[in-house]
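Asks: My structure is stored as final.cif, with mmCIF, C-alpha atoms.
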data_structure
#
loop_
_atom_site.label_atom_id
_atom_site.label_comp_id
_atom_site.auth_asym_id
_atom_site.auth_seq_id
_atom_site.Cartn_x
_atom_site.Cartn_y
_atom_site.Cartn_z
CA MET A 1 0.00 0.00 0.00
CA ALA A 2 1.24 3.49 -0.84
CA LEU A 3 2.70 5.46 2.04
CA PHE A 4 1.00 8.72 1.06
CA GLY A 5 -2.75 9.04 1.37
CA THR A 6 -5.03 11.81 0.16
CA ASP A 7 -3.49 14.28 2.60
CA GLY A 8 0.07 13.25 3.36
CA VAL A 9 1.25 10.36 5.53
CA ARG A 10 -1.05 9.50 8.41
CA GLY A 11 -1.30 6.76 11.02
CA LEU A 12 -1.12 5.78 14.69
CA ALA A 13 1.76 7.72 16.23
CA ASN A 14 4.48 5.35 17.41
CA GLY A 15 2.50 2.56 15.74
CA THR A 16 2.64 2.80 11.97
CA LEU A 17 3.96 6.37 12.14
CA THR A 18 7.27 6.08 13.98
CA ALA A 19 10.15 8.45 14.61
CA ASP A 20 12.30 6.33 12.29
CA LEU A 21 9.77 6.69 9.49
CA ALA A 22 9.49 10.46 10.06
CA LEU A 23 13.28 10.89 9.95
CA THR A 24 13.67 8.78 6.80
CA LEU A 25 10.75 10.57 5.12
CA ALA A 26 12.35 13.94 5.89
CA GLN A 27 15.69 12.78 4.46
CA ALA A 28 13.98 11.56 1.29
CA THR A 29 12.08 14.84 1.01
CA ALA A 30 15.36 16.75 1.13
CA VAL A 31 16.70 14.59 -1.69
CA VAL A 32 13.69 15.01 -3.99
CA LEU A 33 12.73 18.63 -3.29
CA GLY A 34 16.36 19.68 -3.43
CA GLN A 35 16.54 18.80 -7.13
CA GLY A 36 14.46 21.64 -8.55
CA ARG A 37 15.91 24.45 -10.64
CA ILE A 38 15.78 27.08 -7.89
CA ALA A 39 16.99 24.69 -5.19
CA SER A 40 19.86 23.54 -7.39
CA ALA A 41 20.84 27.15 -8.09
CA ARG A 42 20.89 27.94 -4.40
CA LYS A 43 23.06 24.95 -3.64
CA ALA A 44 25.38 25.88 -6.51
CA ALA A 45 25.76 29.31 -4.92
CA GLY A 46 26.78 27.67 -1.66
CA LYS A 47 23.47 28.31 0.09
CA ARG A 48 21.64 25.70 2.12
CA LEU A 49 17.97 24.96 1.50
CA THR A 50 15.41 26.23 4.02
CA ALA A 51 12.32 24.45 5.34
CA VAL A 52 9.53 25.55 7.70
CA VAL A 53 8.35 22.93 10.21
CA ALA A 54 5.24 23.30 12.38
CA ARG A 55 2.81 21.03 14.22
CA ASP A 56 -0.53 20.85 15.97
CA PRO A 57 -0.62 20.42 19.78
CA ARG A 58 -1.01 16.63 19.98
CA ILE A 59 1.71 15.24 22.21
CA SER A 60 3.20 12.90 19.60
CA GLY A 61 3.97 15.95 17.50
CA GLN A 62 6.88 16.66 19.80
CA PHE A 63 8.89 13.57 18.90
CA LEU A 64 7.72 13.48 15.29
CA SER A 65 8.69 17.09 14.63
CA ALA A 66 12.05 16.46 16.32
CA ALA A 67 12.59 13.49 14.00
CA VAL A 68 11.62 15.50 10.91
CA GLU A 69 13.90 18.35 11.90
CA ALA A 70 16.76 15.92 12.52
CA GLY A 71 16.23 14.31 9.13
CA LEU A 72 16.23 17.65 7.36
CA ALA A 73 19.19 19.14 9.23
CA SER A 74 21.24 15.97 8.69
CA SER A 75 20.55 16.45 4.97
CA GLY A 76 21.94 19.97 4.95
CA VAL A 77 18.61 21.80 5.20
CA ASP A 78 18.19 24.78 7.52
CA VAL A 79 15.03 24.34 9.57
CA LEU A 80 12.84 27.18 10.83
CA GLU A 81 10.89 25.74 13.74
CA ALA A 82 7.52 27.51 13.79
CA GLY A 83 6.04 25.65 16.77
CA THR A 84 2.29 25.10 17.10
CA LEU A 85 0.45 26.69 14.18
CA PRO A 86 -2.39 25.82 11.79
CA THR A 87 -1.62 23.92 8.60
CA PRO A 88 -2.54 26.92 6.40
CA ALA A 89 -0.17 29.10 8.43
CA THR A 90 2.65 26.73 7.54
CA ALA A 91 1.74 26.93 3.86
CA PHE A 92 1.58 30.74 4.04
CA LEU A 93 4.94 31.06 5.79
CA ILE A 94 6.71 28.88 3.21
CA ASP A 95 5.59 31.27 0.50
CA ASP A 96 6.06 34.41 2.60
CA ILE A 97 9.75 33.82 3.30
CA ASP A 98 10.47 32.02 0.02
CA ALA A 99 11.42 28.78 1.77
CA ASP A 100 12.20 25.77 -0.38
CA PHE A 101 9.54 23.60 1.23
CA GLY A 102 7.88 22.87 4.56
CA VAL A 103 6.43 20.15 6.76
CA MET A 104 3.32 20.17 8.95
CA ILE A 105 2.90 17.51 11.66
CA SER A 106 -0.84 16.96 12.13
CA ALA A 107 -3.63 14.45 11.74
CA SER A 108 -6.24 17.17 11.22
CA HIS A 109 -9.63 16.10 12.63
CA ASN A 110 -8.43 12.63 13.73
CA PRO A 111 -8.25 11.73 17.44
CA ALA A 112 -5.13 12.43 19.49
CA PRO A 113 -3.41 9.00 19.15
CA ASP A 114 -3.11 9.55 15.37
CA ASN A 115 -0.72 11.92 13.68
CA GLY A 116 0.42 12.78 10.19
CA ILE A 117 3.09 14.42 8.07
CA LYS A 118 2.07 16.87 5.35
CA ILE A 119 4.71 18.15 2.97
CA PHE A 120 4.41 21.42 1.06
CA ALA A 121 6.55 22.44 -1.90
CA ARG A 122 7.91 25.90 -2.68
CA GLY A 123 5.12 28.45 -2.61
CA GLY A 124 3.25 26.52 0.11
CA VAL A 125 1.49 24.20 -2.33
CA LYS A 126 0.64 20.54 -1.81
CA LEU A 127 2.71 17.98 -3.65
CA PRO A 128 1.40 16.32 -6.82
CA ASP A 129 1.08 12.53 -6.75
CA ILE A 130 4.18 12.01 -8.88
CA VAL A 131 6.40 13.91 -6.43
CA GLU A 132 5.00 11.95 -3.49
CA GLN A 133 5.85 8.76 -5.36
CA ARG A 134 9.41 10.00 -5.93
CA ILE A 135 9.81 10.80 -2.22
CA GLU A 136 8.53 7.36 -1.25
CA GLU A 137 11.00 5.73 -3.65
CA ALA A 138 13.84 7.88 -2.31
CA MET A 139 13.28 6.55 1.21
CA THR A 140 15.20 3.40 0.24
CA GLY A 141 17.86 5.23 -1.77
CA PRO A 142 21.04 7.15 -0.84
CA LYS A 143 20.65 10.10 1.53
CA LEU A 144 22.34 13.48 1.61
CA GLN A 145 24.94 13.33 4.37
CA PRO A 146 26.93 16.58 4.52
CA THR A 147 29.49 17.04 7.25
CA GLY A 148 31.10 19.88 9.14
CA GLY A 149 29.67 23.30 8.44
CA ASP A 150 27.43 21.99 5.66
CA VAL A 151 24.89 20.35 7.97
CA GLY A 152 21.63 22.23 8.50
CA ARG A 153 20.80 24.52 11.41
CA VAL A 154 17.58 24.35 13.46
CA THR A 155 16.42 27.77 14.66
CA ARG A 156 13.22 29.16 16.11
CA PHE A 157 10.93 31.00 13.66
CA SER A 158 10.31 33.72 16.21
CA ASP A 159 7.75 35.86 14.35
CA ALA A 160 5.88 33.05 12.59
CA GLU A 161 2.56 33.64 14.36
CA ASP A 162 2.72 37.42 13.99
CA ARG A 163 3.37 37.14 10.24
CA TYR A 164 0.34 34.89 9.82
CA VAL A 165 -1.99 37.05 11.93
CA MET A 166 -1.00 40.20 10.04
CA HIS A 167 -1.61 38.40 6.76
CA LEU A 168 -5.10 37.36 7.86
CA LEU A 169 -6.01 40.84 9.03
CA ALA A 170 -4.73 42.42 5.82
CA SER A 171 -7.01 40.14 3.78
CA LEU A 172 -10.25 41.40 5.33
CA PRO A 173 -12.60 43.52 3.21
CA HIS A 174 -14.39 44.80 6.34
CA ARG A 175 -13.72 44.93 10.08
CA LEU A 176 -15.81 42.91 12.52
CA ASP A 177 -16.72 45.69 14.96
CA GLY A 178 -20.08 45.05 16.64
CA LEU A 179 -20.08 41.29 16.06
CA HIS A 180 -20.02 38.76 18.90
CA VAL A 181 -18.26 35.60 17.73
CA VAL A 182 -17.84 32.30 19.54
CA VAL A 183 -14.72 30.48 18.33
CA ASP A 184 -14.25 26.72 18.88
CA CYS A 185 -10.60 25.84 18.35
CA ALA A 186 -10.96 22.05 18.83
CA HIS A 187 -8.14 22.19 21.42
CA GLY A 188 -6.01 22.34 18.30
CA ALA A 189 -3.53 24.39 16.33
CA ALA A 190 -5.74 27.50 16.15
CA SER A 191 -6.11 27.84 19.92
CA GLY A 192 -3.84 30.88 20.06
CA VAL A 193 -4.11 32.36 16.58
CA SER A 194 -7.85 32.32 15.86
CA PRO A 195 -9.20 34.12 18.97
CA GLU A 196 -6.40 36.68 18.74
CA THR A 197 -7.12 37.44 15.10
CA PHE A 198 -10.89 37.78 15.55
CA ARG A 199 -10.30 40.19 18.45
CA ASN A 200 -7.78 42.21 16.44
CA ALA A 201 -10.36 42.44 13.65
CA GLY A 202 -12.77 44.13 16.08
CA ALA A 203 -15.05 41.30 17.19
CA LYS A 204 -16.13 40.50 20.72
CA VAL A 205 -14.87 36.93 21.13
CA THR A 206 -15.96 34.06 23.36
CA VAL A 207 -13.63 31.08 23.17
CA ILE A 208 -14.22 27.36 23.73
CA GLY A 209 -12.00 24.38 22.96
CA ALA A 210 -8.78 26.37 23.31
CA ASP A 211 -7.01 24.55 26.15
CA PRO A 212 -4.87 21.93 24.40
CA ASP A 213 -3.10 19.47 26.67
CA GLY A 214 -1.68 17.22 23.97
CA ILE A 215 -4.37 14.54 24.21
CA ASN A 216 -7.69 16.41 24.04
CA ILE A 217 -7.49 17.60 20.43
CA ASN A 218 -10.86 17.16 18.62
CA ASP A 219 -12.27 15.47 21.76
CA GLY A 220 -15.95 16.45 21.75
CA VAL A 221 -15.21 19.88 20.26
CA GLY A 222 -14.40 21.44 16.92
CA SER A 223 -15.89 21.06 13.46
CA THR A 224 -16.78 17.38 13.97
CA HIS A 225 -18.66 18.06 17.25
CA LEU A 226 -20.76 21.21 16.87
CA ASP A 227 -23.20 20.74 19.77
CA LYS A 228 -21.10 22.63 22.33
CA LEU A 229 -20.51 25.52 19.94
CA ALA A 230 -24.22 25.81 19.14
CA ALA A 231 -25.13 25.76 22.83
CA GLU A 232 -22.54 28.43 23.64
CA VAL A 233 -23.73 30.71 20.84
CA VAL A 234 -27.30 30.51 22.09
CA ARG A 235 -26.27 30.86 25.76
CA THR A 236 -24.19 33.99 25.16
CA GLY A 237 -26.48 35.55 22.56
CA ALA A 238 -23.63 35.64 20.06
CA ASP A 239 -24.10 36.48 16.39
CA VAL A 240 -22.14 33.55 14.99
CA GLY A 241 -20.10 30.53 16.00
CA ILE A 242 -16.96 29.46 14.11
CA ALA A 243 -15.60 25.90 14.43
CA HIS A 244 -12.16 24.70 13.38
CA ASP A 245 -10.71 21.20 13.26
CA GLY A 246 -7.42 20.14 14.83
CA ASP A 247 -5.15 21.79 12.28
CA ALA A 248 -7.57 24.61 11.41
CA ASP A 249 -7.78 24.04 7.68
CA ARG A 250 -11.58 23.71 8.03
CA CYS A 251 -14.34 26.08 9.06
CA LEU A 252 -17.96 25.30 9.83
CA ALA A 253 -20.36 27.74 11.45
CA VAL A 254 -23.57 28.03 13.45
CA ASP A 255 -25.98 30.94 13.31
CA ALA A 256 -27.47 32.87 16.24
CA ASP A 257 -30.11 30.16 16.75
CA GLY A 258 -27.51 27.39 16.85
CA THR A 259 -28.33 26.09 13.36
CA ILE A 260 -25.37 24.56 11.51
CA VAL A 261 -24.07 26.35 8.41
CA ASP A 262 -21.93 23.90 6.43
CA GLY A 263 -19.17 24.36 3.89
CA ASP A 264 -21.56 24.52 0.94
CA GLN A 265 -23.53 27.34 2.54
CA ILE A 266 -20.35 29.19 3.49
CA MET A 267 -19.11 28.93 -0.10
CA ALA A 268 -22.47 30.23 -1.37
CA ILE A 269 -22.24 33.27 0.90
CA LEU A 270 -18.64 34.02 -0.01
CA ALA A 271 -19.23 33.48 -3.74
CA LEU A 272 -22.10 35.98 -3.81
CA SER A 273 -20.08 38.50 -1.82
CA MET A 274 -17.03 38.10 -4.05
CA LYS A 275 -19.10 38.42 -7.21
CA GLU A 276 -20.74 41.59 -5.91
CA ARG A 277 -17.31 43.04 -5.11
CA GLY A 278 -15.88 41.99 -8.48
CA VAL A 279 -13.28 39.56 -7.11
CA LEU A 280 -14.85 36.19 -8.05
CA ARG A 281 -12.65 35.29 -11.00
CA GLY A 282 -14.60 34.00 -13.96
CA ASP A 283 -17.76 34.18 -11.84
CA THR A 284 -16.92 30.55 -11.04
CA LEU A 285 -16.97 28.40 -7.90
CA VAL A 286 -15.07 25.10 -7.79
CA THR A 287 -16.39 22.34 -5.56
CA THR A 288 -16.59 18.54 -5.40
CA VAL A 289 -19.21 16.10 -6.59
CA MET A 290 -20.44 15.82 -2.98
CA SER A 291 -21.64 19.41 -2.78
CA ASN A 292 -25.37 19.79 -2.27
CA LEU A 293 -27.74 20.25 -5.20
CA GLY A 294 -28.98 23.36 -3.42
CA LEU A 295 -25.57 24.98 -3.89
CA HIS A 296 -25.69 24.37 -7.64
CA ARG A 297 -29.18 25.86 -7.88
CA ALA A 298 -28.31 28.91 -5.79
CA MET A 299 -25.24 29.65 -7.86
CA ALA A 300 -27.10 29.22 -11.15
CA ALA A 301 -29.81 31.61 -9.95
CA ASN A 302 -27.14 34.23 -9.28
CA GLY A 303 -25.14 33.86 -12.49
CA ILE A 304 -22.27 31.89 -10.96
CA ARG A 305 -20.89 28.84 -12.74
CA VAL A 306 -19.99 25.75 -10.70
CA GLU A 307 -17.18 23.41 -11.71
CA THR A 308 -17.01 20.04 -9.92
CA THR A 309 -14.06 17.79 -9.14
CA ALA A 310 -13.41 14.48 -7.40
CA VAL A 311 -13.63 14.48 -3.61
CA GLY A 312 -10.58 16.05 -1.97
CA ASP A 313 -9.43 19.63 -1.54
CA ARG A 314 -6.27 18.89 -3.54
CA TYR A 315 -8.43 18.25 -6.63
CA VAL A 316 -10.36 21.44 -5.99
CA LEU A 317 -7.12 23.38 -5.79
CA GLU A 318 -5.77 21.78 -8.97
CA ARG A 319 -8.85 22.88 -10.90
CA MET A 320 -8.71 26.35 -9.38
CA ASN A 321 -5.09 26.71 -10.46
CA GLU A 322 -5.87 25.42 -13.95
CA GLY A 323 -8.69 27.90 -14.46
CA GLY A 324 -7.29 30.77 -12.44
CA TYR A 325 -10.33 30.71 -10.14
CA SER A 326 -10.47 32.44 -6.76
CA LEU A 327 -12.90 30.37 -4.67
CA GLY A 328 -13.45 26.66 -4.13
CA GLY A 329 -13.89 24.07 -1.44
CA GLU A 330 -15.76 21.18 0.07
CA GLN A 331 -18.94 20.64 2.03
CA SER A 332 -16.79 19.58 4.98
CA GLY A 333 -15.53 23.14 5.43
CA HIS A 334 -12.26 23.12 3.46
CA VAL A 335 -12.63 26.48 1.71
CA ILE A 336 -9.84 27.82 -0.50
CA MET A 337 -9.57 31.53 -1.23
CA SER A 338 -6.68 31.52 -3.69
CA ARG A 339 -6.03 35.25 -3.48
CA PHE A 340 -4.90 34.75 0.12
CA ALA A 341 -4.09 31.06 0.59
CA THR A 342 -2.73 28.01 -1.21
CA THR A 343 -4.82 25.57 0.82
CA GLY A 344 -8.00 25.45 2.89
CA ASP A 345 -7.76 27.95 5.75
CA GLY A 346 -10.38 27.74 8.50
CA VAL A 347 -9.37 30.97 10.24
CA LEU A 348 -9.33 32.93 6.98
CA THR A 349 -12.72 31.48 6.00
CA GLY A 350 -14.29 32.29 9.35
CA LEU A 351 -12.99 35.84 9.26
CA HIS A 352 -14.36 36.47 5.77
CA LEU A 353 -17.72 34.94 6.66
CA ALA A 354 -17.98 37.24 9.67
CA ALA A 355 -16.79 40.18 7.56
CA GLU A 356 -19.68 39.62 5.16
CA MET A 357 -22.10 39.75 8.11
CA ALA A 358 -20.53 43.02 9.24
CA ARG A 359 -20.42 44.47 5.72
CA THR A 360 -24.06 43.76 4.95
CA GLY A 361 -25.53 44.08 8.43
CA ARG A 362 -27.35 40.78 7.84
CA SER A 363 -27.52 37.78 10.15
CA LEU A 364 -25.82 34.54 9.20
CA ALA A 365 -29.23 32.86 8.89
CA SER A 366 -30.30 35.53 6.42
CA LEU A 367 -27.12 35.20 4.36
CA ALA A 368 -27.35 31.38 4.35
CA SER A 369 -30.97 31.50 3.16
CA VAL A 370 -29.71 32.09 -0.38
CA MET A 371 -29.31 28.33 -0.56
CA THR A 372 -31.90 25.65 0.12
CA VAL A 373 -30.17 22.56 1.50
CA PHE A 374 -31.56 19.37 -0.01
CA PRO A 375 -31.71 16.39 2.36
CA GLN A 376 -28.69 14.21 1.65
CA VAL A 377 -28.31 10.54 2.59
CA LEU A 378 -25.04 8.62 2.34
CA VAL A 379 -24.97 4.80 2.63
CA ASN A 380 -21.64 2.97 2.70
CA VAL A 381 -22.02 -0.50 1.18
CA ARG A 382 -19.10 -2.46 2.62
CA GLY A 383 -17.65 -5.78 1.57
CA VAL A 384 -18.36 -5.41 -2.14
CA GLU A 385 -16.03 -5.01 -5.10
CA ARG A 386 -15.50 -1.37 -5.98
CA SER A 387 -16.31 -2.21 -9.59
CA ARG A 388 -19.94 -2.79 -8.55
CA ALA A 389 -20.48 0.95 -8.95
CA THR A 390 -20.31 0.55 -12.73
CA ASP A 391 -21.96 -2.87 -13.21
CA ASP A 392 -24.87 -2.90 -15.64
CA ASP A 393 -27.56 -3.72 -13.09
CA VAL A 394 -26.39 -0.97 -10.75
CA VAL A 395 -26.17 1.59 -13.55
CA ALA A 396 -29.71 0.65 -14.64
CA ALA A 397 -31.01 1.08 -11.07
CA VAL A 398 -29.37 4.48 -10.84
CA ARG A 399 -31.06 5.57 -14.08
CA VAL A 400 -34.46 4.53 -12.72
CA ALA A 401 -33.82 6.49 -9.52
CA GLU A 402 -32.67 9.56 -11.43
CA THR A 403 -35.78 9.44 -13.63
CA ALA A 404 -37.99 9.24 -10.55
CA LEU A 405 -36.22 12.19 -8.90
CA GLY A 406 -36.23 14.36 -12.02
CA ASP A 407 -34.80 17.78 -11.23
CA SER A 408 -35.74 17.49 -7.55
CA GLY A 409 -32.80 15.31 -6.55
CA ARG A 410 -29.53 13.66 -7.43
CA VAL A 411 -27.79 10.26 -7.22
CA LEU A 412 -24.06 9.65 -6.92
CA LEU A 413 -22.22 6.33 -6.56
CA ARG A 414 -18.54 6.42 -5.61
CA PRO A 415 -16.24 3.43 -5.14
CA SER A 416 -13.88 3.75 -2.19
CA GLY A 417 -10.27 4.33 -3.12
CA THR A 418 -8.87 2.28 -0.24
CA GLU A 419 -11.27 -0.54 0.70
CA PRO A 420 -13.93 -2.85 -0.78
CA MET A 421 -16.83 -0.43 -0.50
CA VAL A 422 -19.22 1.59 -2.65
CA ARG A 423 -20.71 4.84 -1.34
CA VAL A 424 -24.30 5.61 -2.35
CA MET A 425 -25.36 9.23 -2.02
CA VAL A 426 -28.90 10.45 -2.74
CA GLU A 427 -30.37 13.95 -2.48
CA ALA A 428 -34.11 14.51 -2.65
CA ALA A 429 -36.75 17.01 -1.66
CA SER A 430 -37.52 15.02 1.50
CA GLN A 431 -35.34 13.08 3.91
CA ALA A 432 -37.65 10.08 3.73
CA ASN A 433 -37.49 9.88 -0.06
CA ALA A 434 -33.71 10.27 -0.08
CA GLN A 435 -33.35 7.50 2.52
CA ARG A 436 -35.69 5.16 0.64
CA ILE A 437 -33.91 5.54 -2.68
CA ALA A 438 -30.46 5.26 -1.08
CA ASP A 439 -31.45 2.04 0.70
CA GLU A 440 -32.90 0.57 -2.50
CA LEU A 441 -29.75 1.35 -4.47
CA ALA A 442 -27.57 -0.04 -1.68
CA ASP A 443 -29.52 -3.32 -1.88
CA VAL A 444 -28.85 -3.51 -5.63
CA VAL A 445 -25.12 -2.94 -5.03
CA ARG A 446 -25.04 -5.69 -2.36
CA ALA A 447 -26.91 -8.16 -4.56
CA GLY A 448 -24.11 -8.44 -7.09
#
Please express what this file holds, its structure, as structure tokens.

Replies:
Amino acid sequence: MALFGTDGVRGLANGTLTADLALTLAQATAVVLGQGRIASARKAAGKRLTAVVARDPRISGQFLSAAVEAGLASSGVDVLEAGTLPTPATAFLIDDIDADFGVMISASHNPAPDNGIKIFARGGVKLPDIVEQRIEEAMTGPKLQPTGGDVGRVTRFSDAEDRYVMHLLASLPHRLDGLHVVVDCAHGAASGVSPETFRNAGAKVTVIGADPDGININDGVGSTHLDKLAAEVVRTGADVGIAHDGDADRCLAVDADGTIVDGDQIMAILALSMKERGVLRGDTLVTTVMSNLGLHRAMAANGIRVETTAVGDRYVLERMNEGGYSLGGEQSGHVIMSRFATTGDGVLTGLHLAAEMARTGRSLASLASVMTVFPQVLVNVRGVERSRATDDDVVAAVRVAETALGDSGRVLLRPSGTEPMVRVMVEAASQANAQRIADELADVVRAG
């Protein structure tokens, strides 16, 4: 099985993801990413490469980041140790200081025992599949082993957080004065940065989930557990609640009544705002096949074209780069604003969502009403060949379901990329109808 998944290398810390693996991966990264034209020119001029390394607060990040830094420094790479920061901050800093690459130690929304290693190339962009394959192959090849004064230095990136906060504040089209925001930091990487930035932008801020102890990350808080945020918004009479995940590359929200506003609705709000202000390039939004039918309808009604990609924010970003588009993302809350970020940025997204409330004077519920959310049912059919998604009997059943739904719903079958499973997703005007059709299609998939 390939070492890299859809978002870097991830696994049980000190189980599948060991210090040895982290060190070897860092050494291989130095070999592969040190071969580019700019990197080669720097080395030819007698300059060492530079890498930014950061992590989320989970306790295993301490030994994993130490191993990564050791692997890089032993390969002649100077390491700027940025400490605990969000994943998008790491990507920003790589670009901001013109570093050669960077590494983020995080398992995002996963529980504390897991961890991961995400590698960013020059400019703070995620690696294409082919480069990940080259790094994996280089793990068993010769390493760079400079000696004497040619080994890398490890130094503290002392103003890393300040640089990121100033960047976020400079991106805002409107201050947040008069807004009361509850921020849920998931006991994660945004625990310091996000509340500080919202306050600096003018908001009154109530904070939950911002006491990381190394083992409580994502534990009952954050974007995967919105109940506490909703309750706190209602209790305090706040205008909006913003939820991050462990590495703060996601943002979900709740309105003043505690109703969840998901990534599709956030993208709808931002797309309309950006179009009105003339900064939505090509009047186009890029999203995945999982985005709600209601998003497509809302965008069409407002003259905004929607381009869809496979599931995964990396595919969204690829399409955005290809078309030069400025906004894209996923229903899960990964929202990419390419003018300001090279990856999903939950703090940036939350700030711009709140800024639109402040700019228009409208409530989040009012802004979100531009989109009608169609009930969506997802059934995972396990233990079947992934090819069942395209078998004749399944395709025929899907056609029957689509005919029955007409323009009031949608059917999507997706084979899993990693296990014997087919995912059946149905949207319909009612939850009951969506559930019925999804169950019927799942039975057809199982019957093969």

Asks: Fewer than 2 positions away in the same chain doesn't count, so skip those; otherwise give me all residues within 12 Å of A:Val52, counting all atoms listed in the file, as an MDAnalysis selection string.

Replies: chainID A and resid 49:50 54:55 65 68:69 72:73 77:85 87 89:105 118:124 153:158 160

Asks: Convert the output of the PyMOL selection byres ((chain A and resi 344-347) around 7) on the shown file into explicit residues, formatted as a list in words.

Replies: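 Applying the expression gives Pro88, Ser194, His244, Ala248, Asp249, Arg250, Cys251, His334, Val335, Ile336, Thr343, Leu348, Thr349, Gly350 and Leu351 of chain A.
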
Asks: Counting all atoms listed in the file, what is within 9 Å of stretch 373-387 of chain A, bar same-chain residues fewer than 4 positions away, as a PyMOL selection string?

Replies: chain A and resi 264-265+292-295+391+408-409+414-417+419-432+434-435+438-439+442-443+445-446+448

Asks: My list of candidates is A:Gln27, A:Met320, A:Tyr315, A:Ile215. Which is closest to A:Pro146 when distances are computed with all atoms listed in the file?

Replies: A:Gln27

Asks: Any chance you could work out the residue set of the PyMOL selection byres ((chain A and resi 360-365) around 10) here, as a compact mmCIF listing (two decimals) with C-alpha atoms, in the coordinates of the input?

Replies:
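The result, stored in expr_35.txt:
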# COMPACT_ATOMS: atom_id res chain seq x y z
CA HIS A 174 -14.39 44.80 6.34
CA GLY A 178 -20.08 45.05 16.64
CA LEU A 179 -20.08 41.29 16.06
CA ASP A 239 -24.10 36.48 16.39
CA VAL A 240 -22.14 33.55 14.99
CA GLY A 241 -20.10 30.53 16.00
CA ALA A 253 -20.36 27.74 11.45
CA VAL A 254 -23.57 28.03 13.45
CA ASP A 255 -25.98 30.94 13.31
CA ALA A 256 -27.47 32.87 16.24
CA ASP A 257 -30.11 30.16 16.75
CA GLY A 258 -27.51 27.39 16.85
CA THR A 259 -28.33 26.09 13.36
CA ILE A 260 -25.37 24.56 11.51
CA VAL A 261 -24.07 26.35 8.41
CA ILE A 266 -20.35 29.19 3.49
CA ILE A 269 -22.24 33.27 0.90
CA SER A 273 -20.08 38.50 -1.82
CA LEU A 353 -17.72 34.94 6.66
CA ALA A 354 -17.98 37.24 9.67
CA ALA A 355 -16.79 40.18 7.56
CA GLU A 356 -19.68 39.62 5.16
CA MET A 357 -22.10 39.75 8.11
CA ALA A 358 -20.53 43.02 9.24
CA ARG A 359 -20.42 44.47 5.72
CA SER A 366 -30.30 35.53 6.42
CA LEU A 367 -27.12 35.20 4.36
CA ALA A 368 -27.35 31.38 4.35
CA SER A 369 -30.97 31.50 3.16
CA VAL A 370 -29.71 32.09 -0.38

Asks: I need the output of the PyMOL selection byres ((chain A and resi 29) around 10) for this file as a VMD selection string; which residues are they?

Replies: chain A and resid 23 to 28 30 to 34 68 71 to 72 75 101 to 103 119 121 131 to 132 134 to 136 138 to 139 143

Asks: Save the residues we just selected, C-alpha atoms, as a PDB file, in the coordinates of the input?

Replies:
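This went into selection06.pdb:
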ATOM      1  CA  LEU A  23      13.280  10.890   9.950  1.00  0.00           C
ATOM      2  CA  THR A  24      13.670   8.780   6.800  1.00  0.00           C
ATOM      3  CA  LEU A  25      10.750  10.570   5.120  1.00  0.00           C
ATOM      4  CA  ALA A  26      12.350  13.940   5.890  1.00  0.00           C
ATOM      5  CA  GLN A  27      15.690  12.780   4.460  1.00  0.00           C
ATOM      6  CA  ALA A  28      13.980  11.560   1.290  1.00  0.00           C
ATOM      7  CA  ALA A  30      15.360  16.750   1.130  1.00  0.00           C
ATOM      8  CA  VAL A  31      16.700  14.590  -1.690  1.00  0.00           C
ATOM      9  CA  VAL A  32      13.690  15.010  -3.990  1.00  0.00           C
ATOM     10  CA  LEU A  33      12.730  18.630  -3.290  1.00  0.00           C
ATOM     11  CA  GLY A  34      16.360  19.680  -3.430  1.00  0.00           C
ATOM     12  CA  VAL A  68      11.620  15.500  10.910  1.00  0.00           C
ATOM     13  CA  GLY A  71      16.230  14.310   9.130  1.00  0.00           C
ATOM     14  CA  LEU A  72      16.230  17.650   7.360  1.00  0.00           C
ATOM     15  CA  SER A  75      20.550  16.450   4.970  1.00  0.00           C
ATOM     16  CA  PHE A 101       9.540  23.600   1.230  1.00  0.00           C
ATOM     17  CA  GLY A 102       7.880  22.870   4.560  1.00  0.00           C
ATOM     18  CA  VAL A 103       6.430  20.150   6.760  1.00  0.00           C
ATOM     19  CA  ILE A 119       4.710  18.150   2.970  1.00  0.00           C
ATOM     20  CA  ALA A 121       6.550  22.440  -1.900  1.00  0.00           C
ATOM     21  CA  VAL A 131       6.400  13.910  -6.430  1.00  0.00           C
ATOM     22  CA  GLU A 132       5.000  11.950  -3.490  1.00  0.00           C
ATOM     23  CA  ARG A 134       9.410  10.000  -5.930  1.00  0.00           C
ATOM     24  CA  ILE A 135       9.810  10.800  -2.220  1.00  0.00           C
ATOM     25  CA  GLU A 136       8.530   7.360  -1.250  1.00  0.00           C
ATOM     26  CA  ALA A 138      13.840   7.880  -2.310  1.00  0.00           C
ATOM     27  CA  MET A 139      13.280   6.550   1.210  1.00  0.00           C
ATOM     28  CA  LYS A 143      20.650  10.100   1.530  1.00  0.00           C
TER      29      LYS A 143
END

Asks: Which value, in Å to one decimal, gives the distance between atom CA of A:Glu137 and atom CA of A:Leu3?

Replies: 10.1 Å

Asks: What is the atom CA of A:Arg305-atom CA of A:Arg339 distance in Å, reported with one decimal?

Replies: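 Calculated distance between atom CA of A:Arg305 and atom CA of A:Arg339 is 18.6 Å.
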
Asks: Select, from A:Gly324, A:Val9, A:Ile242, A:Ala190, the residue with the minimum atom-to-atom distance to A:Val279, counting all atoms listed in the file.

Replies: A:Gly324

Asks: Which value, in Å to one decimal, gives the distance between atom CA of A:Val205 and atom CA of A:Glu232?

Replies: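 For atom CA of A:Val205 relative to atom CA of A:Glu232, the distance reads 11.7 Å.
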